[in-house]
Amino acid sequence: MKNYRYYISILVLVLIGFVIYPLGILPFKGTFEKLISPFAKAASTFTLGTKNFFFNISQINKLTKINQDLANQILQLKADNTKCSEIAHQNEILQKELGFSEGSQGINTTPAAIISRSPSGFVQEFTINKGSKDGIQSGRPVLSDGYLIGTISEIYDTTSKVFLLTNYKSLVPVVLQNSRGTGLLKGGLEGLSIKDIAIDSQIQVGEKILTSGLGGDLPQGIVIGEVEKIISKESEIFQIVSVKYPINLNKLEVIFIQK
Amino acid sequence: MKYLINIILIVLAIILQTSVFSQFQINNSMPNIIMLVIISLIFISRQKEALLWLIVGSLLLDMSSPFRFGYYFLTISVLFFILLRLTNTYFANPSLIFSALLFFLASIILDLPIVIISYNSSMPIIMLLNGIYNVIIGVVLYYFLDYYYRPKDSIRLT
């Protein structure tokens, strides 16, 4: 009975917390995660390492073929890179000729480690080890391998939450690189898709998808993935495409926050 | 001392939940270890430990969850009292099939408010997958705890 007295006292406090939660004044949300973060990070790294070890063993044949393909791709990319360097050089000259100011085009990013993940599969979210003390701001894009993976949603002193693109509530304005069709990238548990693309856009399978910068929440030009296939029917007034997203979010350990 | 060990185990369970289980998601579904331990402890008539796991475990889960504070505490409390009533009145130590069914129903009850509040077409599928995942882990956990807490014979006949 004594135990239930404790329970009832805590229940009352929890109910008060439940009611006042939307006011954002609960000081301890995020504190516990901060305390367990070193252990959670170690457990996460160990699990990922073990999982990858056994996965790699089972994939040796496939990896050999992938390795060969990648070697061929490197050769191709080296050739492309040489062409790009030449084009960049020409571009620089032309910009000077046209009187453009020479601003920095580099992207300023801060690395951060993932310390824990959402305890529920319904909400796709990470906690990272950088917070307001490190200059992290809400809404900033979060990248991995140059691809957008989400945005900063909540910030604490030394930790922050990353709201992932795969979240069912996520909506990002995007543009298709070649056809210039614009649409809204929608997250979801069934994968990423882009809806509301104008019917006259000549979409090509495999073309890159970039953030459009519309709305001003995210900078333009961040790569998201490529068009996998057009999934809308001919009778629909807008086109919908599914997105091939190259990042495996379950395997990430380190991400980059764009400042 | 017994409480301290349980609290350490609860913290370890939360670390497992937020760092290990999240990497073994199958189509976004994953088990809820705190709920499974509480239910297993009720099944083997360990109400005191179950209550401790409910109070400490659910609170810590709420502190590290993206949902509204109190969500886990309140939903797991509902499950706790329903199952406590059932075990005290109708059964204790349920069979394999019956325990699997209860784990599945408990998982559905835990997820149902999220699915209702923020409905998305694929959420019912995840809710079902969560149920199956919870049944698999829950049954193993229940039989392990049942074996661990079973009174051992102190007199051996030779």
# chains A, B, ... in the order shown; residues from 1 in each chain; ligands from 1
>>> residues_around(residues="A:Gly146", least_positions_apart="2", cutoff="12 Å", atoms="only C-alpha atoms", output="PyMOL selection string")
chain A and resi 107-109+141-144+148-150+210+221-225+246-247+255-258
>>> write_last_selection(atoms="C-alpha atoms", output="PDB file, in the first residue's frame")
ATOM      1  CA  ILE A 107      29.563  25.254 -46.805  1.00  0.00           C
ATOM      2  CA  ASN A 108      30.315  25.817 -43.144  1.00  0.00           C
ATOM      3  CA  THR A 109      29.400  22.704 -41.195  1.00  0.00           C
ATOM      4  CA  PRO A 141      19.911  21.508 -42.106  1.00  0.00           C
ATOM      5  CA  VAL A 142      21.683  18.328 -41.057  1.00  0.00           C
ATOM      6  CA  LEU A 143      23.779  16.467 -43.631  1.00  0.00           C
ATOM      7  CA  SER A 144      25.506  13.147 -44.077  1.00  0.00           C
ATOM      8  CA  LEU A 148      20.236  16.251 -46.405  1.00  0.00           C
ATOM      9  CA  ILE A 149      19.007  13.942 -43.642  1.00  0.00           C
ATOM     10  CA  GLY A 150      16.876  16.319 -41.565  1.00  0.00           C
ATOM     11  CA  LEU A 210      17.777  19.337 -54.461  1.00  0.00           C
ATOM     12  CA  GLY A 221      20.845  23.363 -53.546  1.00  0.00           C
ATOM     13  CA  ILE A 222      21.319  20.685 -50.878  1.00  0.00           C
ATOM     14  CA  VAL A 223      21.242  17.223 -52.466  1.00  0.00           C
ATOM     15  CA  ILE A 224      18.556  14.848 -51.202  1.00  0.00           C
ATOM     16  CA  GLY A 225      18.595  11.894 -53.579  1.00  0.00           C
ATOM     17  CA  PRO A 246      21.221   6.685 -50.580  1.00  0.00           C
ATOM     18  CA  ILE A 247      21.692   7.223 -46.843  1.00  0.00           C
ATOM     19  CA  ILE A 255      26.412  13.882 -39.009  1.00  0.00           C
ATOM     20  CA  PHE A 256      27.144  17.491 -40.051  1.00  0.00           C
ATOM     21  CA  ILE A 257      25.085  20.540 -39.167  1.00  0.00           C
ATOM     22  CA  GLN A 258      25.173  23.342 -41.711  1.00  0.00           C
TER      23      GLN A 258
END
>>> residues_around(residues="B:Leu74", least_positions_apart="3", cutoff="10 Å", atoms="only C-alpha atoms", output="number ranges by chain")
A: 11, 14-15, 18; B: 54, 58-59, 62, 69-71, 77-80, 110
>>> write_last_selection(atoms="N, CA and C atoms", output="PDB file, in the first residue's frame")
ATOM      1  N   LEU A  11       2.088  10.033  -9.914  1.00  0.00           N
ATOM      2  CA  LEU A  11       1.049  10.160 -10.945  1.00  0.00           C
ATOM      3  C   LEU A  11       0.530  11.603 -11.013  1.00  0.00           C
ATOM      4  N   VAL A  14       3.141  13.683 -12.690  1.00  0.00           N
ATOM      5  CA  VAL A  14       3.177  13.389 -14.133  1.00  0.00           C
ATOM      6  C   VAL A  14       2.000  14.058 -14.837  1.00  0.00           C
ATOM      7  N   LEU A  15       0.818  14.001 -14.207  1.00  0.00           N
ATOM      8  CA  LEU A  15      -0.363  14.634 -14.817  1.00  0.00           C
ATOM      9  C   LEU A  15      -0.165  16.152 -14.960  1.00  0.00           C
ATOM     10  N   PHE A  18       2.165  16.569 -17.800  1.00  0.00           N
ATOM     11  CA  PHE A  18       1.445  16.282 -19.050  1.00  0.00           C
ATOM     12  C   PHE A  18       0.654  17.516 -19.508  1.00  0.00           C
TER      13      PHE A  18
ATOM     14  N   LEU B  54       7.555   0.390 -13.411  1.00  0.00           N
ATOM     15  CA  LEU B  54       6.549   1.298 -13.978  1.00  0.00           C
ATOM     16  C   LEU B  54       6.899   2.743 -13.624  1.00  0.00           C
ATOM     17  N   SER B  58       9.057   4.115 -16.766  1.00  0.00           N
ATOM     18  CA  SER B  58       8.180   4.926 -17.625  1.00  0.00           C
ATOM     19  C   SER B  58       8.582   6.402 -17.573  1.00  0.00           C
ATOM     20  N   LEU B  59       8.972   6.860 -16.378  1.00  0.00           N
ATOM     21  CA  LEU B  59       9.385   8.267 -16.268  1.00  0.00           C
ATOM     22  C   LEU B  59      10.629   8.539 -17.113  1.00  0.00           C
ATOM     23  N   ASP B  62       9.767   8.566 -20.696  1.00  0.00           N
ATOM     24  CA  ASP B  62       9.130   9.839 -21.049  1.00  0.00           C
ATOM     25  C   ASP B  62      10.162  10.947 -21.233  1.00  0.00           C
ATOM     26  N   PHE B  69       5.254  14.656 -22.598  1.00  0.00           N
ATOM     27  CA  PHE B  69       5.692  14.111 -21.320  1.00  0.00           C
ATOM     28  C   PHE B  69       4.510  13.437 -20.612  1.00  0.00           C
ATOM     29  N   GLY B  70       4.737  12.227 -20.121  1.00  0.00           N
ATOM     30  CA  GLY B  70       3.681  11.517 -19.398  1.00  0.00           C
ATOM     31  C   GLY B  70       3.007  10.443 -20.241  1.00  0.00           C
ATOM     32  N   TYR B  71       3.271  10.469 -21.573  1.00  0.00           N
ATOM     33  CA  TYR B  71       2.603   9.512 -22.464  1.00  0.00           C
ATOM     34  C   TYR B  71       2.855   8.068 -22.020  1.00  0.00           C
ATOM     35  N   SER B  77       0.741   2.673 -17.215  1.00  0.00           N
ATOM     36  CA  SER B  77      -0.026   2.557 -15.966  1.00  0.00           C
ATOM     37  C   SER B  77      -1.355   1.859 -16.234  1.00  0.00           C
ATOM     38  N   VAL B  78      -2.018   2.248 -17.324  1.00  0.00           N
ATOM     39  CA  VAL B  78      -3.298   1.618 -17.680  1.00  0.00           C
ATOM     40  C   VAL B  78      -3.095   0.111 -17.877  1.00  0.00           C
ATOM     41  N   LEU B  79      -2.039  -0.227 -18.644  1.00  0.00           N
ATOM     42  CA  LEU B  79      -1.735  -1.640 -18.890  1.00  0.00           C
ATOM     43  C   LEU B  79      -1.447  -2.374 -17.584  1.00  0.00           C
ATOM     44  N   PHE B  80      -0.671  -1.716 -16.718  1.00  0.00           N
ATOM     45  CA  PHE B  80      -0.268  -2.311 -15.440  1.00  0.00           C
ATOM     46  C   PHE B  80      -1.497  -2.716 -14.623  1.00  0.00           C
ATOM     47  N   LEU B 110      -0.533   0.224 -26.160  1.00  0.00           N
ATOM     48  CA  LEU B 110       0.523   1.231 -25.987  1.00  0.00           C
ATOM     49  C   LEU B 110       0.609   2.161 -27.209  1.00  0.00           C
TER      50      LEU B 110
END
>>> interface_residues(of="chain A", to="chain B", cutoff="6 Å", atoms="only C-alpha atoms", output="compact mmCIF listing (two decimals) with N, CA and C atoms, in the first residue's frame")
# COMPACT_ATOMS: atom_id res chain seq x y z
N VAL A 14 3.14 13.68 -12.69
CA VAL A 14 3.18 13.39 -14.13
C VAL A 14 2.00 14.06 -14.84
N PHE A 18 2.17 16.57 -17.80
CA PHE A 18 1.44 16.28 -19.05
C PHE A 18 0.65 17.52 -19.51
N LYS A 29 13.32 17.52 -19.51
CA LYS A 29 13.26 16.83 -20.81
C LYS A 29 14.63 16.99 -21.47
N GLU A 33 18.80 12.19 -21.02
CA GLU A 33 19.54 11.76 -22.22
C GLU A 33 20.98 12.24 -22.16
N ALA A 40 25.11 5.44 -23.88
CA ALA A 40 24.28 5.17 -25.06
C ALA A 40 25.14 5.18 -26.32
N SER A 44 25.73 2.06 -28.71
CA SER A 44 25.34 2.21 -30.11
C SER A 44 26.51 1.85 -31.04
N SER A 116 21.77 9.16 -29.21
CA SER A 116 20.67 8.23 -29.01
C SER A 116 19.60 8.46 -30.07
N ARG A 117 18.69 7.50 -30.15
CA ARG A 117 17.62 7.58 -31.15
C ARG A 117 16.27 7.50 -30.45
N PRO A 119 12.99 6.34 -28.87
CA PRO A 119 12.64 5.00 -28.37
C PRO A 119 11.40 4.42 -29.06
N GLY A 121 9.48 3.73 -32.91
CA GLY A 121 9.69 3.73 -34.35
C GLY A 121 8.76 4.68 -35.10
N ASN A 250 19.90 4.16 -40.21
CA ASN A 250 20.17 3.30 -39.05
C ASN A 250 21.66 3.08 -38.81
>>> residues_around(residues="B:Leu105", least_positions_apart="6", cutoff="12 Å", atoms="only C-alpha atoms", output="list of chain:residue names")
B:Met35, B:Leu36, B:Ile39, B:Leu79, B:Ile82, B:Leu83, B:Phe98, B:Ser99, B:Asp111, B:Leu112, B:Met127, B:Leu128, B:Asn130, B:Gly131, B:Ile132, B:Asn134, B:Val135, B:Gly138
>>> select_by_dssp(residues="stretch 87-249 of chain A", states="strand (DSSP E or B)", output="number ranges by chain")
A: 109-117, 125-128, 141-144, 147-155, 160-164, 171-176, 182-186, 193-198, 208-211, 223-230, 238-244
>>> write_last_selection(atoms="C-alpha atoms", output="tab-separated table (two decimals), in the first residue's frame")
chain	number	residue	atom	x	y	z
A	109	THR	CA	29.40	22.70	-41.19
A	110	THR	CA	29.84	21.42	-37.65
A	111	PRO	CA	30.29	17.68	-37.02
A	112	ALA	CA	28.23	16.00	-34.31
A	113	ALA	CA	27.85	12.46	-33.01
A	114	ILE	CA	24.53	10.68	-32.68
A	115	ILE	CA	24.11	9.76	-29.02
A	116	SER	CA	20.67	8.23	-29.01
A	117	ARG	CA	17.62	7.58	-31.15
A	125	GLU	CA	14.50	11.33	-34.55
A	126	PHE	CA	18.14	11.44	-33.38
A	127	THR	CA	19.72	13.13	-30.39
A	128	ILE	CA	23.16	14.60	-31.13
A	141	PRO	CA	19.91	21.51	-42.11
A	142	VAL	CA	21.68	18.33	-41.06
A	143	LEU	CA	23.78	16.47	-43.63
A	144	SER	CA	25.51	13.15	-44.08
A	147	TYR	CA	22.96	14.59	-48.47
A	148	LEU	CA	20.24	16.25	-46.40
A	149	ILE	CA	19.01	13.94	-43.64
A	150	GLY	CA	16.88	16.32	-41.56
A	151	THR	CA	16.74	19.53	-39.59
A	152	ILE	CA	17.43	20.59	-36.01
A	153	SER	CA	14.12	20.56	-34.15
A	154	GLU	CA	14.81	21.00	-30.43
A	155	ILE	CA	17.89	22.44	-28.77
A	160	SER	CA	19.86	18.72	-29.85
A	161	LYS	CA	17.19	16.71	-31.59
A	162	VAL	CA	17.33	16.07	-35.34
A	163	PHE	CA	13.96	15.73	-37.08
A	164	LEU	CA	14.62	13.32	-39.96
A	171	LEU	CA	7.66	18.32	-45.76
A	172	VAL	CA	10.54	19.92	-47.68
A	173	PRO	CA	10.24	22.08	-50.85
A	174	VAL	CA	12.47	20.57	-53.54
A	175	VAL	CA	13.43	21.04	-57.17
A	176	LEU	CA	14.39	18.39	-59.72
A	182	THR	CA	9.27	21.79	-58.11
A	183	GLY	CA	7.37	19.85	-55.49
A	184	LEU	CA	7.15	18.88	-51.86
A	185	LEU	CA	9.29	16.07	-50.50
A	186	LYS	CA	7.17	14.10	-48.10
A	193	SER	CA	8.19	10.75	-52.22
A	194	ILE	CA	7.72	14.08	-53.98
A	195	LYS	CA	4.21	15.29	-54.63
A	196	ASP	CA	2.66	18.35	-56.36
A	197	ILE	CA	5.07	18.37	-59.34
A	198	ALA	CA	3.54	20.21	-62.31
A	208	LYS	CA	19.04	14.62	-58.80
A	209	ILE	CA	16.68	16.16	-56.24
A	210	LEU	CA	17.78	19.34	-54.46
A	211	THR	CA	16.25	21.63	-51.86
A	223	VAL	CA	21.24	17.22	-52.47
A	224	ILE	CA	18.56	14.85	-51.20
A	225	GLY	CA	18.59	11.89	-53.58
A	226	GLU	CA	17.45	10.99	-57.05
A	227	VAL	CA	14.20	10.16	-58.80
A	228	GLU	CA	13.49	6.44	-58.55
A	229	LYS	CA	10.24	6.24	-60.50
A	230	ILE	CA	7.09	8.18	-61.33
A	238	PHE	CA	0.06	16.58	-60.42
A	239	GLN	CA	2.94	14.15	-60.74
A	240	ILE	CA	4.26	12.14	-57.80
A	241	VAL	CA	7.67	10.45	-57.80
A	242	SER	CA	9.34	8.08	-55.38
A	243	VAL	CA	12.83	9.00	-54.21
A	244	LYS	CA	15.94	6.85	-54.14
>>> residues_around(residues="B:Tyr143", least_positions_apart="5", cutoff="12 Å", atoms="only C-alpha atoms", output="PyMOL selection string")
chain B and resi 36-37+39-41+43-44+93-96+99-100+136-138+148-150
>>> write_last_selection(atoms="C-alpha atoms", output="PDB file, in the first residue's frame")
ATOM      1  CA  LEU B  36       7.755  -6.053 -21.675  1.00  0.00           C
ATOM      2  CA  VAL B  37       9.627  -6.321 -18.357  1.00  0.00           C
ATOM      3  CA  ILE B  39       4.212  -7.249 -18.011  1.00  0.00           C
ATOM      4  CA  SER B  40       6.531 -10.229 -17.444  1.00  0.00           C
ATOM      5  CA  LEU B  41       6.959  -9.264 -13.770  1.00  0.00           C
ATOM      6  CA  PHE B  43       2.788 -12.504 -14.961  1.00  0.00           C
ATOM      7  CA  ILE B  44       5.164 -14.038 -12.400  1.00  0.00           C
ATOM      8  CA  ASN B  93       1.760 -17.600 -14.981  1.00  0.00           C
ATOM      9  CA  PRO B  94      -0.132 -17.645 -18.306  1.00  0.00           C
ATOM     10  CA  SER B  95       0.649 -20.266 -20.941  1.00  0.00           C
ATOM     11  CA  LEU B  96       2.829 -19.541 -23.983  1.00  0.00           C
ATOM     12  CA  SER B  99       1.088 -14.710 -22.755  1.00  0.00           C
ATOM     13  CA  ALA B 100       1.859 -14.054 -26.451  1.00  0.00           C
ATOM     14  CA  ILE B 136       8.775 -12.446 -29.762  1.00  0.00           C
ATOM     15  CA  ILE B 137      10.962 -10.515 -27.305  1.00  0.00           C
ATOM     16  CA  GLY B 138       8.283 -10.538 -24.582  1.00  0.00           C
ATOM     17  CA  TYR B 148      15.234 -16.683 -12.837  1.00  0.00           C
ATOM     18  CA  TYR B 149      12.716 -15.917 -10.063  1.00  0.00           C
ATOM     19  CA  ARG B 150      11.414 -19.476  -9.632  1.00  0.00           C
TER      20      ARG B 150
END
>>> select_by_dssp(residues="stretch 10-231 of chain A", states="alpha helix (DSSP H)", output="ChimeraX atom specification")
/A:10-20,31-58,60-98
>>> atom_distance(atom1="atom CA of B:Ile108", atom2="atom CA of A:Leu23")
29.4 Å
>>> atom_distance(atom1="atom CA of B:Thr89", atom2="atom CA of B:Tyr72")
25.4 Å
>>> atom_distance(atom1="atom CA of A:Ile10", atom2="atom CA of A:Leu26")
15.2 Å
>>> closest_residue(among="A:Gly49, A:Gly24, A:Gly30, A:Gly216", to="A:Thr158", atoms="only C-alpha atoms")
A:Gly30
